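To keep things clear, I will list the structure first and then write my remarks on it.
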Amino acid sequence: MSDAEDGSWLDDEAGRLVRPYAVSNGRTRPSAHFDLLTLVMATGIRPQTYLGPDYDRVLALCDAPVTVAEVAAHLRLPAVITKVLLSDLVTYEALSARAPNALEATSPTDRNLLEAVLHGLRKRL
(Lines give C-alpha, C1' and ligand atoms only; values in the text may rest on other atoms or scores of the structure.)
Protein backbone atom coordinates (compact mmCIF):
# COMPACT_ATOMS: atom_id res chain seq x y z
CA MET A 1 0.00 0.00 0.00
CA SER A 2 1.46 3.37 -0.97
CA ASP A 3 1.57 6.45 1.26
CA ALA A 4 -1.18 8.09 -0.80
CA GLU A 5 -3.45 5.05 -0.46
CA ASP A 6 -3.09 4.77 3.32
CA GLY A 7 -4.17 8.37 3.91
CA SER A 8 -0.81 9.75 5.01
CA TRP A 9 -1.25 12.65 2.59
CA LEU A 10 -4.06 13.92 4.86
CA ASP A 11 -3.72 15.34 8.33
CA ASP A 12 -6.80 15.75 10.54
CA GLU A 13 -5.85 19.26 11.60
CA ALA A 14 -3.84 20.55 8.63
CA GLY A 15 -5.84 18.93 5.81
CA ARG A 16 -4.03 17.91 2.63
CA LEU A 17 -0.27 17.76 2.96
CA VAL A 18 0.12 18.14 -0.81
CA ARG A 19 -0.80 21.54 -2.21
CA PRO A 20 -3.85 21.32 -4.51
CA TYR A 21 -2.02 22.74 -7.52
CA ALA A 22 0.66 20.04 -7.20
CA VAL A 23 -2.08 17.50 -7.91
CA SER A 24 -2.65 19.05 -11.35
CA ASN A 25 1.04 19.79 -11.99
CA GLY A 26 0.33 23.51 -11.62
CA ARG A 27 -2.35 23.55 -14.31
CA THR A 28 -5.43 25.64 -13.64
CA ARG A 29 -7.20 25.43 -17.00
CA PRO A 30 -9.03 22.23 -17.91
CA SER A 31 -8.86 21.07 -21.52
CA ALA A 32 -12.66 20.49 -21.57
CA HIS A 33 -15.52 22.72 -20.42
CA PHE A 34 -17.23 21.78 -17.17
CA ASP A 35 -19.57 23.72 -14.94
CA LEU A 36 -20.34 22.64 -11.40
CA LEU A 37 -23.50 20.79 -12.46
CA THR A 38 -21.89 18.82 -15.31
CA LEU A 39 -22.46 15.11 -14.74
CA VAL A 40 -19.46 12.82 -15.08
CA MET A 41 -19.36 9.03 -15.11
CA ALA A 42 -16.64 6.42 -15.48
CA THR A 43 -16.68 4.62 -18.84
CA GLY A 44 -14.84 1.53 -17.63
CA ILE A 45 -11.81 2.38 -19.76
CA ARG A 46 -8.62 2.78 -17.72
CA PRO A 47 -5.86 5.16 -18.84
CA GLN A 48 -2.85 3.33 -20.35
CA THR A 49 -0.49 5.08 -17.92
CA TYR A 50 -0.81 5.52 -14.17
CA LEU A 51 -1.91 9.11 -13.49
CA GLY A 52 -1.81 9.11 -9.69
CA PRO A 53 -3.94 8.39 -6.63
CA ASP A 54 -6.20 11.42 -7.10
CA TYR A 55 -7.22 10.16 -10.54
CA ASP A 56 -7.97 6.75 -9.02
CA ARG A 57 -10.17 8.40 -6.40
CA VAL A 58 -12.03 10.33 -9.12
CA LEU A 59 -12.74 7.14 -11.05
CA ALA A 60 -13.94 5.42 -7.89
CA LEU A 61 -16.33 8.31 -7.18
CA CYS A 62 -17.73 8.25 -10.70
CA ASP A 63 -19.22 4.73 -10.82
CA ALA A 64 -22.61 6.42 -11.18
CA PRO A 65 -23.33 9.88 -12.62
CA VAL A 66 -22.07 12.53 -10.21
CA THR A 67 -21.70 16.30 -10.52
CA VAL A 68 -18.38 18.11 -10.71
CA ALA A 69 -19.28 19.90 -7.46
CA GLU A 70 -19.76 16.58 -5.64
CA VAL A 71 -16.45 15.20 -6.91
CA ALA A 72 -14.64 18.35 -5.75
CA ALA A 73 -16.28 18.11 -2.33
CA HIS A 74 -15.33 14.45 -1.87
CA LEU A 75 -11.75 15.11 -2.99
CA ARG A 76 -11.56 18.23 -0.82
CA LEU A 77 -9.99 20.09 -3.76
CA PRO A 78 -10.86 23.42 -5.39
CA ALA A 79 -13.32 23.05 -8.26
CA VAL A 80 -10.80 24.33 -10.82
CA ILE A 81 -8.28 21.61 -9.87
CA THR A 82 -11.02 18.99 -9.94
CA LYS A 83 -11.99 20.16 -13.43
CA VAL A 84 -8.38 19.67 -14.59
CA LEU A 85 -8.37 16.10 -13.25
CA LEU A 86 -11.75 15.39 -14.86
CA SER A 87 -10.71 16.84 -18.21
CA ASP A 88 -7.57 14.65 -18.20
CA LEU A 89 -9.74 11.59 -17.63
CA VAL A 90 -12.14 12.65 -20.41
CA THR A 91 -9.11 12.97 -22.73
CA TYR A 92 -8.14 9.37 -21.85
CA GLU A 93 -11.80 8.37 -22.44
CA ALA A 94 -12.00 7.08 -18.86
CA LEU A 95 -14.88 9.49 -18.10
CA SER A 96 -17.86 10.77 -20.02
CA ALA A 97 -19.35 14.17 -19.29
CA ARG A 98 -22.74 15.67 -20.08
CA ALA A 99 -24.90 18.60 -19.08
CA PRO A 100 -27.70 17.60 -16.73
CA ASN A 101 -30.82 17.45 -18.96
CA ALA A 102 -33.30 17.90 -16.13
CA LEU A 103 -31.76 21.19 -15.10
CA GLU A 104 -31.47 22.60 -18.63
CA ALA A 105 -35.24 22.97 -18.91
CA THR A 106 -35.72 24.62 -15.53
CA SER A 107 -34.92 28.02 -14.18
CA PRO A 108 -32.27 28.25 -11.43
CA THR A 109 -34.95 29.93 -9.30
CA ASP A 110 -37.57 27.22 -9.95
CA ARG A 111 -39.26 26.48 -6.61
CA ASN A 112 -39.52 22.72 -7.25
CA LEU A 113 -35.83 22.51 -8.06
CA LEU A 114 -34.85 24.49 -4.96
CA GLU A 115 -37.09 22.33 -2.75
CA ALA A 116 -35.55 19.15 -4.22
CA VAL A 117 -32.05 20.45 -3.48
CA LEU A 118 -33.07 21.40 0.05
CA HIS A 119 -34.62 17.97 0.59
CA GLY A 120 -31.42 16.28 -0.65
CA LEU A 121 -29.25 18.39 1.63
CA ARG A 122 -31.43 17.60 4.64
CA LYS A 123 -31.14 13.88 3.91
CA ARG A 124 -27.32 14.12 3.84
CA LEU A 125 -27.03 16.21 7.01
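Chain labels run A, B, ... following the order of the C-alpha coordinates; each chain numbers its residues from 1, and ligands are numbered from 1 in the order shown.
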- [ ] Quick one: pick out all strand (DSSP E) residues within region 30-108 of chain A from a backbone DSSP run and write them as a PyMOL selection string.
- [x] chain A and resi 39-42+66-67+95-98
Open item on the list: If you run DSSP on the backbone here, which positions in region 55-117 of chain A get helix (DSSP H, G or I)? Please write them as a ChimeraX atom specification.
Closed with: /A:55-61,68-75,79-91,101-104,111-117
TODO: Just the residues within 9 Å of Ala99 (chain A), please, counting only C-alpha atoms, with nothing from its chain fewer than 5 positions along; format it as a ChimeraX atom specification.
DONE: /A:34-35,37-40,104
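In this comparison, which uses only C-alpha atoms, the residue of A:Ala60, A:Leu36, A:Met41, A:Leu114 approaching Thr82 (chain A) most closely is A:Leu36.
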Open item on the list: Just the number, please: distance in Å from CA of Arg76 (chain A) to CA of Ala116 (chain A), one decimal.
Closed with: 24.3 Å
Task: Among listed residues A:Leu86, A:Asn112, A:Leu77, A:His33, nearest Leu59 (chain A) (using only C-alpha atoms) - done: A:Leu86
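Note that CA of Val66 (chain A) and CA of Leu85 (chain A) are 14.5 Å apart.
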- [ ] Please measure the separation of CA of Glu93 (chain A) and CA of Gln48 (chain A), giving the value in Å to one decimal.
- [x] 10.5 Å
Task: Minimum-distance residue to Leu95 (chain A), chosen among A:Glu70, A:Asp110, A:Glu115, A:Asp63 (using only C-alpha atoms) - done: A:Asp63
- [ ] Check the smallest atom-to-atom distance from each of A:Ala94, A:Pro78, A:Val84, A:Leu118 to Cys62 (chain A) using only C-alpha atoms, then report the winner.
- [x] A:Ala94
